[in-house]
$ cat start-v9.txt   # compact mmCIF, C-alpha atoms
# COMPACT_ATOMS: atom_id res chain seq x y z
CA MET Y 260 140.82 106.29 31.98
CA ALA Y 261 140.30 109.98 31.25
CA ASP Y 262 137.78 111.29 28.73
CA TRP Y 263 139.00 113.91 26.29
CA THR Y 264 136.95 116.53 24.49
CA ASP Y 265 138.09 117.66 21.06
CA ALA Y 266 139.12 120.99 22.53
CA GLN Y 267 141.30 119.25 25.12
CA ARG Y 268 142.95 117.07 22.49
CA LYS Y 269 143.72 120.18 20.43
CA THR Y 270 145.13 121.89 23.52
CA VAL Y 271 147.49 119.03 24.41
CA ALA Y 272 148.71 118.85 20.81
CA SER Y 273 149.08 122.62 20.66
CA VAL Y 274 151.10 122.84 23.88
CA TRP Y 275 153.30 119.98 22.72
CA GLY Y 276 153.83 121.66 19.37
CA GLN Y 277 155.21 124.77 21.07
CA LEU Y 278 157.83 122.97 23.14
CA ASP Y 279 161.46 122.90 22.14
CA ALA Y 280 163.80 119.99 22.68
CA GLU Y 281 165.38 121.50 25.80
CA ILE Y 282 162.22 121.51 27.88
CA GLY Y 283 162.95 118.03 29.24
CA ALA Y 284 166.46 119.02 30.32
CA HIS Y 285 165.22 122.17 32.03
CA ALA Y 286 162.45 120.32 33.83
CA LEU Y 287 164.74 117.55 35.05
CA ALA Y 288 167.32 120.12 36.20
CA ARG Y 289 164.62 121.87 38.24
CA VAL Y 290 163.57 118.59 39.84
CA LEU Y 291 167.16 117.93 40.92
CA ILE Y 292 167.60 121.51 42.20
CA VAL Y 293 164.23 122.10 43.85
CA TYR Y 294 163.88 118.58 45.29
CA PRO Y 295 167.51 117.58 45.88
CA TRP Y 296 166.65 114.20 47.40
CA THR Y 297 165.75 113.10 43.88
CA GLN Y 298 169.46 113.10 43.13
CA ARG Y 299 169.55 109.68 44.80
CA TYR Y 300 168.59 108.14 41.46
CA PHE Y 301 171.37 109.78 39.49
CA GLY Y 302 174.55 108.74 41.28
CA SER Y 303 176.26 108.04 37.97
CA PHE Y 304 175.59 111.52 36.56
CA GLY Y 305 178.68 113.18 38.02
CA ASP Y 306 178.62 116.64 39.55
CA LEU Y 307 175.18 117.60 40.88
CA SER Y 308 176.53 119.62 43.80
CA THR Y 309 175.22 123.05 42.76
CA ALA Y 310 172.43 124.46 40.62
CA ALA Y 311 175.06 125.63 38.11
CA ALA Y 312 176.60 122.15 37.95
CA ILE Y 313 173.18 120.57 37.40
CA LEU Y 314 172.23 123.07 34.70
CA GLY Y 315 175.53 122.44 32.89
CA ASN Y 316 175.52 118.67 33.32
CA GLY Y 317 175.45 116.87 29.96
CA LYS Y 318 173.99 113.66 31.41
CA VAL Y 319 171.09 115.58 32.95
CA ALA Y 320 170.44 117.22 29.59
CA ALA Y 321 170.59 113.91 27.77
CA HIS Y 322 168.26 112.26 30.23
CA GLY Y 323 165.86 115.17 29.98
CA LYS Y 324 165.63 114.38 26.25
CA VAL Y 325 164.85 110.73 27.03
CA VAL Y 326 162.05 111.78 29.36
CA LEU Y 327 160.60 114.11 26.75
CA GLN Y 328 160.66 111.41 24.09
CA ALA Y 329 158.73 109.16 26.45
CA LEU Y 330 156.22 111.92 27.10
CA GLU Y 331 155.63 112.27 23.38
CA LYS Y 332 154.21 108.74 23.34
CA GLY Y 333 151.50 109.88 25.72
CA VAL Y 334 150.83 113.02 23.67
CA LYS Y 335 150.28 110.89 20.57
CA ASN Y 336 148.09 108.38 22.46
CA VAL Y 337 145.92 110.36 24.87
CA ASP Y 338 143.20 107.69 24.70
CA ALA Y 339 145.56 104.89 25.72
CA ILE Y 340 147.91 106.53 28.19
CA LYS Y 341 147.76 103.66 30.68
CA SER Y 342 148.76 100.99 28.17
CA THR Y 343 151.33 103.33 26.61
CA TYR Y 344 153.22 103.45 29.90
CA THR Y 345 152.71 99.90 31.20
CA ASP Y 346 156.26 98.81 30.38
CA LEU Y 347 157.82 102.05 31.60
CA SER Y 348 155.89 101.71 34.84
CA ARG Y 349 157.25 98.22 35.40
CA LEU Y 350 160.74 99.44 34.60
CA HIS Y 351 160.52 102.28 37.12
CA CYS Y 352 159.16 99.97 39.80
CA LEU Y 353 161.15 96.78 39.40
CA THR Y 354 164.44 97.91 37.89
CA LEU Y 355 164.89 101.59 38.64
CA LYS Y 356 163.04 101.41 41.97
CA VAL Y 357 161.90 105.02 41.75
CA ASP Y 358 159.44 106.31 44.36
CA PRO Y 359 156.37 107.14 42.24
CA ASP Y 360 155.93 110.45 44.06
CA ASN Y 361 158.79 111.62 41.88
CA PHE Y 362 156.54 111.48 38.81
CA ARG Y 363 154.37 114.14 40.41
CA LEU Y 364 157.43 116.30 41.16
CA LEU Y 365 158.61 116.01 37.55
CA ALA Y 366 155.13 116.82 36.27
CA ASP Y 367 155.03 119.96 38.44
CA CYS Y 368 158.45 121.10 37.21
CA LEU Y 369 157.48 120.41 33.59
CA THR Y 370 154.39 122.57 34.03
CA ILE Y 371 156.46 125.37 35.53
CA VAL Y 372 159.09 125.24 32.75
CA ILE Y 373 156.33 125.27 30.14
CA ALA Y 374 154.82 128.28 31.93
CA THR Y 375 158.14 130.11 31.48
CA LYS Y 376 158.10 129.38 27.76
CA LEU Y 377 154.51 129.86 26.65
CA GLY Y 378 153.67 133.22 28.23
CA ALA Y 379 150.07 134.37 27.86
CA ALA Y 380 149.24 131.27 25.79
CA PHE Y 381 149.50 129.21 28.97
CA ASN Y 382 146.22 130.51 30.38
CA PRO Y 383 144.23 128.80 33.17
CA GLN Y 384 142.22 126.59 30.79
CA VAL Y 385 145.30 125.46 28.91
CA GLN Y 386 147.07 124.79 32.20
CA ALA Y 387 144.10 122.74 33.45
CA THR Y 388 144.07 120.58 30.32
CA TRP Y 389 147.83 120.16 30.29
CA GLN Y 390 147.85 119.14 33.96
CA LYS Y 391 145.00 116.71 33.29
CA PHE Y 392 147.20 115.09 30.65
CA LEU Y 393 150.23 114.98 32.97
CA SER Y 394 148.13 113.54 35.82
CA ALA Y 395 147.08 110.71 33.52
CA CYS Y 396 150.74 110.05 32.70
CA VAL Y 397 151.70 110.13 36.38
CA ILE Y 398 148.95 107.66 37.29
CA ALA Y 399 149.94 105.41 34.38
CA LEU Y 400 153.57 105.42 35.43
CA GLY Y 401 152.57 104.35 38.93
CA SER Y 402 150.03 101.77 37.76
CA GLN Y 403 152.29 98.72 37.70
CA TYR Y 404 153.87 99.24 41.08
CA VAL Y 405 153.66 96.18 43.34
CA MET P 103 163.44 122.07 55.41
CA SER P 104 163.92 125.41 57.14
CA LEU P 105 164.95 128.57 55.34
CA THR P 106 168.63 129.37 55.11
CA LYS P 107 169.94 132.95 55.17
CA LYS P 108 170.38 132.66 51.42
CA ASP P 109 166.78 131.48 50.94
CA LYS P 110 165.48 134.48 52.89
CA LYS P 111 167.64 136.88 50.86
CA VAL P 112 166.48 135.38 47.57
CA VAL P 113 162.81 135.42 48.56
CA THR P 114 162.94 138.97 49.91
CA ALA P 115 164.73 140.26 46.80
CA PHE P 116 162.37 138.48 44.43
CA TRP P 117 159.31 139.72 46.35
CA ALA P 118 160.61 143.28 46.11
CA LYS P 119 160.78 142.84 42.35
CA ILE P 120 157.23 141.51 41.97
CA ALA P 121 155.33 143.21 44.81
CA GLY P 122 154.09 145.95 42.50
CA ASP P 123 152.20 143.30 40.49
CA ALA P 124 150.78 141.61 43.60
CA ASP P 125 147.14 142.26 42.70
CA GLU P 126 147.51 140.76 39.24
CA ILE P 127 149.54 137.83 40.58
CA GLY P 128 146.93 137.13 43.25
CA SER P 129 144.06 137.19 40.78
CA ASP P 130 145.90 134.96 38.31
CA THR P 131 146.94 132.52 41.05
CA LEU P 132 143.43 132.12 42.37
CA SER P 133 141.92 131.94 38.86
CA ARG P 134 144.26 129.11 38.00
CA MET P 135 143.65 127.22 41.22
CA LEU P 136 139.87 127.34 40.73
CA THR P 137 140.22 126.22 37.10
CA VAL P 138 142.90 123.54 37.45
CA TYR P 139 141.60 122.13 40.77
CA PRO P 140 137.83 122.62 40.56
CA GLN P 141 137.32 120.96 43.95
CA THR P 142 138.69 124.15 45.51
CA LYS P 143 135.56 125.97 44.34
CA THR P 144 133.68 124.33 47.21
CA TYR P 145 135.14 126.95 49.54
CA PHE P 146 133.75 129.82 47.49
CA ALA P 147 130.26 128.63 46.68
CA HIS P 148 128.92 131.88 48.18
CA TRP P 149 130.56 134.00 45.45
CA PRO P 150 128.35 135.15 42.58
CA ASP P 151 131.10 134.61 40.03
CA LEU P 152 133.96 132.12 40.20
CA SER P 153 135.30 132.65 36.70
CA PRO P 154 138.94 133.62 36.12
CA GLY P 155 139.53 137.30 36.77
CA SER P 156 136.04 137.96 38.17
CA ALA P 157 135.57 140.68 40.79
CA PRO P 158 135.37 138.29 43.79
CA VAL P 159 138.42 136.39 42.48
CA ARG P 160 140.41 139.60 42.07
CA GLU P 161 139.44 140.89 45.48
CA HIS P 162 140.30 137.64 47.19
CA GLY P 163 143.54 137.34 45.25
CA LYS P 164 144.54 140.70 46.73
CA ARG P 165 143.81 139.42 50.22
CA VAL P 166 145.84 136.27 49.68
CA MET P 167 148.80 138.30 48.41
CA GLY P 168 148.49 140.43 51.54
CA GLY P 169 149.07 137.23 53.51
CA VAL P 170 152.12 136.40 51.41
CA ALA P 171 153.46 139.93 51.95
CA LEU P 172 152.94 139.49 55.68
CA ALA P 173 154.92 136.26 55.58
CA VAL P 174 157.76 137.94 53.66
CA ALA P 175 157.80 140.81 56.15
CA ASN P 176 158.04 138.25 58.95
CA ILE P 177 160.38 135.91 57.18
CA ASP P 178 162.52 135.46 60.29
CA ASP P 179 159.49 134.26 62.24
CA ILE P 180 156.82 133.13 59.80
CA PHE P 181 154.95 131.10 62.41
CA GLY P 182 154.75 134.09 64.75
CA GLY P 183 153.85 136.49 61.99
CA LEU P 184 151.00 134.31 60.69
CA LEU P 185 149.55 133.30 64.06
CA ALA P 186 146.36 135.31 63.65
CA LEU P 187 145.90 134.06 60.10
CA SER P 188 146.40 130.52 61.29
CA GLU P 189 143.75 130.96 64.00
CA ARG P 190 141.38 132.27 61.34
CA HIS P 191 142.00 129.36 58.98
CA ALA P 192 141.70 126.86 61.82
CA SER P 193 138.56 128.02 63.56
CA GLU P 194 136.64 130.06 61.02
CA LEU P 195 137.64 129.13 57.49
CA ARG P 196 138.59 125.50 58.13
CA VAL P 197 140.24 125.07 54.76
CA ASP P 198 141.66 121.57 54.41
CA PRO P 199 145.43 122.18 54.63
CA ALA P 200 145.98 119.98 51.56
CA ASN P 201 144.70 122.93 49.56
CA PHE P 202 147.56 125.23 50.54
CA LYS P 203 149.94 123.35 48.28
CA LEU P 204 147.42 123.54 45.43
CA LEU P 205 147.26 127.32 45.82
CA PHE P 206 151.03 127.61 46.07
CA HIS P 207 151.64 125.41 43.03
CA ASN P 208 149.59 127.88 41.01
CA PHE P 209 151.46 130.78 42.57
CA LEU P 210 154.69 129.23 41.27
CA VAL P 211 153.15 128.74 37.81
CA VAL P 212 152.17 132.42 37.73
CA LEU P 213 155.65 133.49 38.80
CA ALA P 214 157.19 131.28 36.10
CA ASN P 215 154.73 132.61 33.55
CA LYS P 216 155.13 136.30 34.34
CA TYR P 217 158.83 136.38 35.20
CA PRO P 218 160.41 133.66 33.05
CA ASN P 219 163.89 135.17 33.22
CA ASP P 220 163.81 135.97 36.94
CA PHE P 221 162.17 132.77 38.13
CA THR P 222 165.40 130.80 37.86
CA PRO P 223 165.84 127.37 39.51
CA ASP P 224 167.60 129.07 42.46
CA VAL P 225 164.65 131.41 42.99
CA HIS P 226 162.23 128.51 42.44
CA VAL P 227 163.70 126.39 45.23
CA ALA P 228 163.88 129.29 47.70
CA VAL P 229 160.29 130.37 47.01
CA ASP P 230 159.07 126.75 47.15
CA LYS P 231 160.71 126.30 50.57
CA PHE P 232 159.27 129.62 51.75
CA LEU P 233 155.75 128.66 50.65
CA ALA P 234 156.09 125.29 52.38
CA GLN P 235 156.82 127.18 55.61
CA VAL P 236 153.84 129.46 55.02
CA ALA P 237 151.61 126.40 54.55
CA LEU P 238 152.92 124.90 57.79
CA ALA P 239 152.43 128.19 59.62
CA LEU P 240 148.86 128.49 58.35
CA SER P 241 148.00 125.00 59.60
CA GLU P 242 149.81 125.46 62.93
CA LYS P 243 146.63 126.14 64.92
CA TYR P 244 144.47 123.47 63.29
CA ARG P 245 144.77 120.91 66.09
$ encode --input "start-v9.txt" --output "structure tokens"
Amino acid sequence: MADWTDAQRKTVASVWGQLDAEIGAHALARVLIVYPWTQRYFGSFGDLSTAAAILGNGKVAAHGKVVLQALEKGVKNVDAIKSTYTDLSRLHCLTLKVDPDNFRLLADCLTIVIATKLGAAFNPQVQATWQKFLSACVIALGSQYV
Amino acid sequence: MSLTKKDKKVVTAFWAKIAGDADEIGSDTLSRMLTVYPQTKTYFAHWPDLSPGSAPVREHGKRVMGGVALAVANIDDIFGGLLALSERHASELRVDPANFKLLFHNFLVVLANKYPNDFTPDVHVAVDKFLAQVALALSEKYR
């Protein structure tokens, strides 16, 4: 899939190293708030009726953690992102039946949340490399859709 | 996905907060777009320097922010307010409209980066909706 220079590998690792555990929760909350139609997948999560409810929702927070843990697999395996996410892709297609466009929305919200946290360190080059990594993850997650 | 009264209030208030930094925001937005989506450089091949923060990038960033300011000032009729700009983009500039969302994504990243405490999810959704309307208004005259 994608080719990585040493500098890019360092950048992905560095960005990852600066993220705290809540990033996933914040990103998922933003997806549900900014793109409310995504709430269709979370009918069992309880109250998602307002931004405040979403931000305070324990199930959203917990699921954000799950998403982040999955993302870590990609961070640790940048040379094998496609195979890393083969099973997750099948799961999202066959079982969860998630429209793969949602992966792009989540990636965008993750980038924006990271931008709020990293300040000047999230410069254009770092952003480009980080988005390259996320794009690879998004493509991998959509790769098993039939 | 039209703008509610609340959306317009939120956007107008947030713009008032950041308008003083418009030049810097514009430069940063454009720098990021050219770096993260290198295909967008094809529209600026006539510039001597496409690097982040270069003089042409800063100058053009200012111009783009002027367009955003115009849209905010005409938030009750964005299509009407941006008619001339749409004509320009349609007949003269002919920028593929798919690029508007690339530019606006980077605008959001800059806002998140510079105003982490103010760019709350509520502000994020209102600004995202506003920018979507601006993109539609800019492509209105394309065909």
$ closest_residue --input "start-v9.txt" --among "Y:Ser394, Y:Phe381, Y:Ser342, Y:Val319" --to "Asp360 of chain Y" --atoms "all atoms listed in the file"
Y:Ser394
$ residues_around --input "start-v9.txt" --residues "Trp275 of chain Y" --least-positions-apart "5" --cutoff "10 Å" --atoms "all atoms listed in the file" --output "PyMOL selection string"
chain Y and resi 269-270+330-331+334-335+373+389
$ write_last_selection --input "start-v9.txt" --atoms "C-alpha atoms" --output "PDB file, keeping the file's coordinate frame"
ATOM      1  CA  LYS Y 269     143.720 120.180  20.430  1.00  0.00           C
ATOM      2  CA  THR Y 270     145.130 121.890  23.520  1.00  0.00           C
ATOM      3  CA  LEU Y 330     156.220 111.920  27.100  1.00  0.00           C
ATOM      4  CA  GLU Y 331     155.630 112.270  23.380  1.00  0.00           C
ATOM      5  CA  VAL Y 334     150.830 113.020  23.670  1.00  0.00           C
ATOM      6  CA  LYS Y 335     150.280 110.890  20.570  1.00  0.00           C
ATOM      7  CA  ILE Y 373     156.330 125.270  30.140  1.00  0.00           C
ATOM      8  CA  TRP Y 389     147.830 120.160  30.290  1.00  0.00           C
TER       9      TRP Y 389
END
$ residues_around --input "start-v9.txt" --residues "Val227 of chain P" --least-positions-apart "5" --cutoff "12 Å" --atoms "all atoms listed in the file" --output "ChimeraX atom specification"
/Y:288-295,310,368 /P:103-106,108-110,112-113,210,221-222,232-234
$ interface_residues --input "start-v9.txt" --of "chain Y" --to "chain P" --cutoff "12 Å" --atoms "only C-alpha atoms" --output "PyMOL selection string"
chain Y and resi 285-296+309-311+313-314+363-364+366-392+394
$ closest_residue --input "start-v9.txt" --among "Y:Val274, Y:Ala261, Y:Ala321, Y:Ala280" --to "Cys396 of chain Y" --atoms "all atoms listed in the file"
Y:Ala261
$ atom_distance --input "start-v9.txt" --atom1 "atom CA of Ala284 of chain Y" --atom2 "atom CA of Trp117 of chain P"
27.1 Å
$ closest_residue --input "start-v9.txt" --among "Y:Gly401, Y:Gly283, Y:Lys332, Y:Lys341" --to "Phe362 of chain Y" --atoms "all atoms listed in the file"
Y:Gly401
$ atom_distance --input "start-v9.txt" --atom1 "atom CA of Ile340 of chain Y" --atom2 "atom CA of Ala395 of chain Y"
6.8 Å
$ atom_distance --input "start-v9.txt" --atom1 "atom CA of Lys356 of chain Y" --atom2 "atom CA of Ile282 of chain Y"
24.6 Å
$ residues_around --input "start-v9.txt" --residues "His191 of chain P" --least-positions-apart "6" --cutoff "8 Å" --atoms "all atoms listed in the file" --output "tab-separated table (two decimals) with C-alpha atoms, in the frame of the given file"
chain	number	residue	atom	x	y	z
P	197	VAL	CA	140.24	125.07	54.76
P	240	LEU	CA	148.86	128.49	58.35
P	241	SER	CA	148.00	125.00	59.60
P	244	TYR	CA	144.47	123.47	63.29
$ axis_aligned_box --input "start-v9.txt" --around "segment 375-394 of chain Y" --padding-each-side "8 Å" --output "JSON"
{"center_x": 150.2, "center_y": 124.0, "center_z": 30.8, "size_x": 31.9, "size_y": 36.8, "size_z": 26.0}
$ residues_around --input "start-v9.txt" --residues "Pro359 of chain Y" --least-positions-apart "6" --cutoff "12 Å" --atoms "all atoms listed in the file" --output "ChimeraX atom specification"
/Y:297,347-353,365-366,396-405
$ decode --input "start-v9.txt" --residues "segment 120-138 of chain P" --atoms "N, CA and C atoms" --output "compact mmCIF listing (two decimals), in the first residue's frame"
# COMPACT_ATOMS: atom_id res chain seq x y z
N ILE P 120 -12.60 35.71 15.92
CA ILE P 120 -11.38 35.33 15.21
C ILE P 120 -11.00 36.27 14.08
N ALA P 121 -11.91 37.18 13.71
CA ALA P 121 -11.70 38.01 12.51
C ALA P 121 -10.38 38.77 12.54
N GLY P 122 -9.95 39.16 13.73
CA GLY P 122 -8.69 39.89 13.85
C GLY P 122 -7.49 39.08 13.40
N ASP P 123 -7.61 37.75 13.45
CA ASP P 123 -6.52 36.86 13.04
C ASP P 123 -6.70 36.34 11.63
N ALA P 124 -7.64 36.96 10.87
CA ALA P 124 -8.02 36.41 9.57
C ALA P 124 -6.83 36.18 8.64
N ASP P 125 -5.90 37.11 8.61
CA ASP P 125 -4.75 36.96 7.71
C ASP P 125 -3.96 35.70 8.03
N GLU P 126 -3.67 35.53 9.31
CA GLU P 126 -2.89 34.37 9.77
C GLU P 126 -3.66 33.07 9.50
N ILE P 127 -4.96 33.11 9.77
CA ILE P 127 -5.81 31.93 9.55
C ILE P 127 -5.81 31.56 8.07
N GLY P 128 -5.96 32.58 7.23
CA GLY P 128 -5.99 32.34 5.78
C GLY P 128 -4.69 31.73 5.28
N SER P 129 -3.58 32.28 5.72
CA SER P 129 -2.27 31.77 5.32
C SER P 129 -2.08 30.33 5.79
N ASP P 130 -2.44 30.07 7.03
CA ASP P 130 -2.28 28.72 7.59
C ASP P 130 -3.18 27.71 6.87
N THR P 131 -4.43 28.16 6.59
CA THR P 131 -5.38 27.27 5.91
C THR P 131 -4.85 26.86 4.54
N LEU P 132 -4.42 27.85 3.78
CA LEU P 132 -3.94 27.58 2.43
C LEU P 132 -2.65 26.75 2.47
N SER P 133 -1.75 27.09 3.40
CA SER P 133 -0.49 26.33 3.54
C SER P 133 -0.78 24.86 3.79
N ARG P 134 -1.74 24.62 4.65
CA ARG P 134 -2.07 23.23 4.98
C ARG P 134 -2.70 22.52 3.79
N MET P 135 -3.59 23.20 3.10
CA MET P 135 -4.26 22.57 1.96
C MET P 135 -3.22 22.16 0.91
N LEU P 136 -2.29 23.05 0.62
CA LEU P 136 -1.28 22.78 -0.41
C LEU P 136 -0.33 21.65 0.02
N THR P 137 -0.12 21.52 1.33
CA THR P 137 0.78 20.49 1.85
C THR P 137 0.07 19.14 1.97
N VAL P 138 -1.14 19.16 2.52
CA VAL P 138 -1.84 17.90 2.80
C VAL P 138 -2.48 17.33 1.54
